[in-house]
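> Next comes the structure file target.txt, holding compact mmCIF, C-alpha atoms.
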# COMPACT_ATOMS: atom_id res chain seq x y z
CA MET A 1 -11.47 -40.30 -2.60
CA ASN A 2 -9.53 -37.97 -4.93
CA LYS A 3 -12.76 -36.90 -6.64
CA ILE A 4 -13.95 -35.49 -3.32
CA PHE A 5 -10.67 -34.52 -1.64
CA TYR A 6 -9.15 -32.23 -4.31
CA PRO A 7 -12.28 -30.13 -4.93
CA LEU A 8 -12.70 -29.74 -1.15
CA LEU A 9 -9.07 -28.75 -0.75
CA LEU A 10 -9.33 -26.23 -3.58
CA THR A 11 -12.52 -24.75 -2.10
CA LEU A 12 -10.85 -24.45 1.30
CA LEU A 13 -7.75 -22.76 -0.12
CA VAL A 14 -9.79 -20.26 -2.16
CA THR A 15 -11.96 -19.49 0.86
CA VAL A 16 -8.95 -18.91 3.13
CA TRP A 17 -7.18 -16.80 0.49
CA ALA A 18 -10.27 -14.69 -0.25
CA SER A 19 -11.01 -14.08 3.43
CA ALA A 20 -7.42 -12.93 3.96
CA GLN A 21 -7.75 -10.25 1.27
CA PRO A 22 -8.61 -6.82 2.68
CA ILE A 23 -10.78 -5.66 -0.26
CA GLY A 24 -13.92 -3.99 1.08
CA LYS A 25 -12.75 -3.99 4.69
CA THR A 26 -12.62 -0.73 6.64
CA LEU A 27 -9.22 -0.26 8.21
CA PRO A 28 -8.83 0.61 11.88
CA ASP A 29 -7.33 4.06 12.40
CA PHE A 30 -3.68 3.00 12.42
CA THR A 31 -1.03 5.47 13.53
CA LEU A 32 2.02 6.04 11.38
CA GLN A 33 5.00 8.26 12.09
CA SER A 34 6.52 11.12 10.13
CA LEU A 35 10.26 11.33 9.66
CA SER A 36 10.28 14.02 12.34
CA ASN A 37 8.63 11.55 14.75
CA GLN A 38 5.14 13.12 14.59
CA LYS A 39 2.26 10.67 14.94
CA VAL A 40 -0.37 10.74 12.21
CA THR A 41 -3.47 8.57 11.90
CA LEU A 42 -4.96 7.21 8.70
CA SER A 43 -8.06 9.37 9.21
CA GLU A 44 -5.85 12.47 9.40
CA LEU A 45 -4.02 11.39 6.26
CA ARG A 46 -7.25 10.86 4.35
CA GLY A 47 -8.08 14.53 4.91
CA PRO A 48 -11.04 16.29 3.29
CA SER A 49 -11.25 14.10 0.16
CA GLY A 50 -11.07 10.91 2.22
CA VAL A 51 -9.13 9.02 -0.47
CA LEU A 52 -5.71 7.68 0.46
CA VAL A 53 -3.16 5.83 -1.66
CA MET A 54 -0.44 4.00 0.29
CA THR A 55 2.47 2.28 -1.39
CA PHE A 56 4.72 0.11 0.77
CA TRP A 57 8.36 0.93 0.09
CA CYS A 58 11.86 0.52 1.44
CA SER A 59 15.04 2.46 0.87
CA GLU A 60 17.00 -0.62 -0.28
CA CYS A 61 14.69 -1.92 -3.02
CA GLY A 62 15.15 -1.84 -6.80
CA SER A 63 11.44 -2.14 -7.59
CA CYS A 64 10.84 0.80 -5.26
CA ARG A 65 13.32 2.90 -7.28
CA ALA A 66 11.42 1.98 -10.44
CA SER A 67 8.10 3.05 -8.87
CA GLU A 68 9.30 6.44 -7.63
CA PRO A 69 8.52 8.42 -10.83
CA THR A 70 4.97 6.99 -10.85
CA LEU A 71 4.50 7.89 -7.18
CA ALA A 72 5.66 11.46 -7.82
CA LYS A 73 3.38 11.75 -10.86
CA LEU A 74 0.34 10.39 -8.98
CA SER A 75 1.03 12.77 -6.08
CA LYS A 76 0.99 15.77 -8.41
CA GLU A 77 -1.81 14.63 -10.71
CA PHE A 78 -4.24 13.84 -7.89
CA ALA A 79 -3.20 16.60 -5.45
CA GLY A 80 -6.28 17.85 -3.60
CA LYS A 81 -8.28 14.80 -4.72
CA ALA A 82 -6.33 11.97 -3.07
CA ARG A 83 -3.38 11.83 -0.75
CA VAL A 84 -0.52 9.68 -2.00
CA VAL A 85 1.98 8.48 0.61
CA VAL A 86 4.81 6.03 0.76
CA VAL A 87 4.87 3.77 3.82
CA ALA A 88 8.27 2.52 4.96
CA SER A 89 7.59 -0.72 6.85
CA SER A 90 10.90 -2.53 6.53
CA LYS A 91 12.63 -3.31 9.81
CA ASN A 92 15.82 -2.13 8.07
CA ASP A 93 14.46 1.39 7.56
CA THR A 94 14.66 3.97 10.32
CA PRO A 95 13.73 7.64 10.08
CA GLN A 96 17.46 8.36 9.76
CA THR A 97 18.13 5.89 6.91
CA VAL A 98 15.02 7.02 5.04
CA GLN A 99 15.91 10.70 5.48
CA ALA A 100 19.45 10.01 4.24
CA TYR A 101 17.99 8.33 1.14
CA LEU A 102 15.59 11.24 0.54
CA ASP A 103 18.39 13.80 0.99
CA LYS A 104 20.50 11.98 -1.60
CA HIS A 105 17.84 11.18 -4.22
CA HIS A 106 15.17 13.89 -3.70
CA PRO A 107 12.09 11.90 -4.73
CA GLU A 108 8.91 13.95 -4.84
CA PHE A 109 6.60 12.08 -2.48
CA GLU A 110 5.72 11.92 1.19
CA VAL A 111 7.20 9.11 3.29
CA LEU A 112 5.73 7.87 6.55
CA MET A 113 7.08 5.18 8.84
CA ASP A 114 5.29 2.02 9.95
CA PRO A 115 7.97 1.33 12.58
CA ASP A 116 6.59 -1.94 13.94
CA SER A 117 5.14 -3.05 10.59
CA ARG A 118 1.68 -3.14 12.21
CA LEU A 119 -0.13 -1.71 9.20
CA ALA A 120 1.77 -3.97 6.79
CA HIS A 121 1.00 -7.04 8.93
CA HIS A 122 -2.67 -6.08 9.21
CA LEU A 123 -2.97 -5.76 5.44
CA GLY A 124 -0.93 -8.87 4.71
CA VAL A 125 1.71 -6.85 2.85
CA SER A 126 4.94 -8.77 2.38
CA THR A 127 6.21 -7.22 -0.86
CA THR A 128 7.37 -3.72 -1.71
CA THR A 129 5.36 -1.60 -4.13
CA THR A 130 2.18 -3.19 -2.82
CA THR A 131 -0.34 -0.37 -3.07
CA VAL A 132 -3.55 0.01 -1.11
CA ILE A 133 -6.24 2.53 -1.99
CA LEU A 134 -8.72 3.59 0.69
CA ASP A 135 -11.99 5.18 -0.38
CA GLN A 136 -13.84 8.08 1.23
CA GLY A 137 -15.09 5.78 4.01
CA GLY A 138 -11.68 4.24 4.80
CA ARG A 139 -12.46 0.95 3.02
CA VAL A 140 -9.82 -0.88 1.01
CA ARG A 141 -10.84 -0.63 -2.63
CA TYR A 142 -7.59 -1.69 -4.36
CA TYR A 143 -4.80 -4.04 -3.29
CA GLY A 144 -1.94 -4.86 -5.62
CA THR A 145 1.18 -3.51 -7.21
CA LEU A 146 1.53 0.14 -8.16
CA VAL A 147 3.41 -0.21 -11.43
CA ARG A 148 5.49 -2.68 -13.37
CA GLY A 149 7.37 -1.48 -16.38
CA LYS A 150 5.05 0.90 -18.20
CA ARG A 151 1.88 -0.68 -16.81
CA GLN A 152 0.27 1.33 -14.03
CA TYR A 153 -2.00 -1.02 -12.12
CA ALA A 154 -3.31 1.38 -9.44
CA ARG A 155 -4.09 4.42 -11.59
CA GLU A 156 -7.48 3.29 -12.98
CA PRO A 157 -8.70 1.96 -9.61
CA LEU A 158 -7.80 5.34 -8.09
CA LYS A 159 -9.79 7.18 -10.76
CA GLU A 160 -12.76 4.85 -10.14
CA VAL A 161 -12.60 5.42 -6.37
CA LEU A 162 -12.51 9.18 -6.89
CA ALA A 163 -15.55 8.91 -9.18
CA LYS A 164 -17.26 6.79 -6.49
CA LYS A 165 -17.60 3.90 -8.92
CA ILE A 166 -17.16 0.19 -8.35
CA VAL A 167 -13.50 -0.64 -8.91
CA SER A 168 -13.34 -2.87 -11.97
CA HIS A 169 -10.01 -4.49 -10.94
CA PRO A 170 -9.76 -4.30 -7.13
CA ARG A 171 -6.89 -6.77 -6.98
CA GLY A 172 -3.69 -6.33 -8.89
CA PRO A 173 -0.71 -8.60 -9.23
CA ILE A 174 2.00 -8.37 -6.61
CA PHE A 175 5.50 -7.55 -7.85
CA GLY A 176 8.40 -6.23 -5.84
CA CYS A 177 11.03 -7.23 -3.34
CA PRO A 178 10.29 -9.15 -0.15
CA LEU A 179 9.61 -6.64 2.60
CA SER A 180 11.65 -7.34 5.71
CA LEU A 181 8.96 -6.78 8.34
CA SER A 182 9.35 -6.38 12.05
CA PRO A 183 8.36 -9.58 13.88
CA ASN A 184 7.30 -7.58 16.97
CA VAL A 185 3.59 -7.47 16.20
Reformat the file's structure so that it appears as structure tokens.

Amino acid sequence: MNKIFYPLLLTLLVTVWASAQPIGKTLPDFTLQSLSNQKVTLSELRGPSGVLVMTFWCSECGSCRASEPTLAKLSKEFAGKARVVVVASSKNDTPQTVQAYLDKHHPEFEVLMDPDSRLAHHLGVSTTTTTVILDQGGRVRYYGTLVRGKRQYAREPLKEVLAKKIVSHPRGPIFGCPLSLSPNV
């Protein structure tokens, strides 16, 4: 019985896990919100280049603080080639709390709100610094952490997407703090 049961269980778990991963899937045109309450869709964010990097973030998270220099550097380095945004999906973040954080710390990146955590839920994001890269067609090409220590996990996949190559490592590890998502989805 065990000779049959465990391989079947393992196959089932791998199949369920793999099907839950968004790699290769085209995202619906979700709407996010600016800090000034303007609505913006993913297709608008992708702009002329079509490439979008989204890192899920919250104003209370230590791993988010550690990722901020990398986010600012990516934003500058790939300006005009890819749009780099931070997505605040935590139910504890409001436009006011995020703006207060930005006013105090002055990070150099764009923050958008996912007020009902719909995008985070759709992508299965439950940890801060989870980064998703969308290609020119709006397909998820990378899903994993942005950076940990000195290791930048999303940088090479971004360069490969911009070069219209197959991403050699489309899944990265997930490091960060648990993201307190809104249950109202």
> Record the distance separating CA of Ile23 in chain A and CA of Val111 in chain A, expressed in Å with one decimal.
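Separation between CA of Ile23 in chain A and CA of Val111 in chain A: 23.5 Å.
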> Find the spatial neighbours of Leu35 in chain A, counting all atoms listed in the file, within a cut-off of 12 Å - ignore same-chain residues fewer than 3 positions away - and output them as a JSON list (two decimals) with C-alpha atoms, in the frame of the given file.

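Output below, filename around-v8.json:
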[["chain", "number", "residue", "atom", "x", "y", "z"],
["A", 32, "LEU", "CA", 2.02, 6.04, 11.38],
["A", 38, "GLN", "CA", 5.14, 13.12, 14.59],
["A", 39, "LYS", "CA", 2.26, 10.67, 14.94],
["A", 40, "VAL", "CA", -0.37, 10.74, 12.21],
["A", 86, "VAL", "CA", 4.81, 6.03, 0.76],
["A", 87, "VAL", "CA", 4.87, 3.77, 3.82],
["A", 88, "ALA", "CA", 8.27, 2.52, 4.96],
["A", 93, "ASP", "CA", 14.46, 1.39, 7.56],
["A", 94, "THR", "CA", 14.66, 3.97, 10.32],
["A", 95, "PRO", "CA", 13.73, 7.64, 10.08],
["A", 96, "GLN", "CA", 17.46, 8.36, 9.76],
["A", 97, "THR", "CA", 18.13, 5.89, 6.91],
["A", 98, "VAL", "CA", 15.02, 7.02, 5.04],
["A", 99, "GLN", "CA", 15.91, 10.70, 5.48],
["A", 100, "ALA", "CA", 19.45, 10.01, 4.24],
["A", 101, "TYR", "CA", 17.99, 8.33, 1.14],
["A", 102, "LEU", "CA", 15.59, 11.24, 0.54],
["A", 110, "GLU", "CA", 5.72, 11.92, 1.19],
["A", 111, "VAL", "CA", 7.20, 9.11, 3.29],
["A", 112, "LEU", "CA", 5.73, 7.87, 6.55],
["A", 113, "MET", "CA", 7.08, 5.18, 8.84],
["A", 114, "ASP", "CA", 5.29, 2.02, 9.95],
["A", 115, "PRO", "CA", 7.97, 1.33, 12.58]]
> Report as a list in words all protein, DNA and RNA residues lying within 8 Å of range 154-169 of chain A, evaluated on all atoms listed in the file, omitting residues in the same chain fewer than 5 positions from it.
Val51, Val53, Leu74, Lys81, Ala82, Thr131, Ile133, Asp135, Arg141, Tyr142, Gly144, Thr145, Leu146 and Val147 of chain A
> Here is a test: counting only C-alpha atoms, which residue of A:Gly176, A:Gly62, A:Pro69, A:Pro22 is nearest to Lys150 in chain A?
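When distances to Lys150 in chain A are compared using only C-alpha atoms, the smallest one comes from A:Pro69.
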> May I have the protein, DNA and RNA residues with an atom at most 8 Å from (-3.4, 7.1, 9.1), counting all atoms listed in the file in the file's coordinates, returned as an mmCIF file with C-alpha atoms, keeping the file's coordinate frame?

data_model
loop_
_atom_site.group_PDB
_atom_site.id
_atom_site.type_symbol
_atom_site.label_atom_id
_atom_site.label_comp_id
_atom_site.auth_asym_id
_atom_site.auth_seq_id
_atom_site.Cartn_x
_atom_site.Cartn_y
_atom_site.Cartn_z
ATOM 1 C CA ASP A 29 -7.330 4.060 12.400
ATOM 2 C CA PHE A 30 -3.680 3.000 12.420
ATOM 3 C CA THR A 31 -1.030 5.470 13.530
ATOM 4 C CA LEU A 32 2.020 6.040 11.380
ATOM 5 C CA VAL A 40 -0.370 10.740 12.210
ATOM 6 C CA THR A 41 -3.470 8.570 11.900
ATOM 7 C CA LEU A 42 -4.960 7.210 8.700
ATOM 8 C CA SER A 43 -8.060 9.370 9.210
ATOM 9 C CA GLU A 44 -5.850 12.470 9.400
ATOM 10 C CA LEU A 45 -4.020 11.390 6.260
ATOM 11 C CA ARG A 46 -7.250 10.860 4.350
#
> Box along x, y and z, 5 Å on every side, all listed atoms of range 115-119 of chain A inside: centre and edge lengths in Å to one decimal, as lines of an AutoDock Vina configuration file.

center_x = 3.9
center_y = -0.9
center_z = 11.6
size_x = 18.1
size_y = 14.5
size_z = 14.7
> Have a look at CA of Thr55 in chain A and CA of Val85 in chain A and let me know their distance in Å, one decimal.
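Atom-to-atom, CA of Thr55 in chain A to CA of Val85 in chain A, that is 6.5 Å.
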> To one decimal place in Å, what is the distance between CA of Thr26 in chain A and CA of Gln136 in chain A?
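The value is 10.4 Å.
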> Nearest to Val132 in chain A among A:Pro183, A:Pro28, A:Pro178, A:Gly172, with distances taken over only C-alpha atoms: which residue is it?
A:Gly172
> Nearest to Cys61 in chain A among A:Cys177, A:Gly80, A:Ser89, A:Asn37, with distances taken over all atoms listed in the file: which residue is it?
A:Cys177
> Looking at only C-alpha atoms, which of A:Pro107, A:Gly124, A:Gly138, A:Pro173 is the one that sits closest to Cys64 in chain A?
A:Pro107
> Using only C-alpha atoms, pick whichever of A:Val125, A:Leu27, A:Leu134, A:Val140 has the shortest atom-to-atom distance to Ile174 in chain A.
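Closest candidate: A:Val125.
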> Considering all atoms listed in the file, state which residue in the set A:Leu179, A:Arg83, A:Ser126, A:Asp116 is at the smallest distance from Met54 in chain A.
A:Arg83
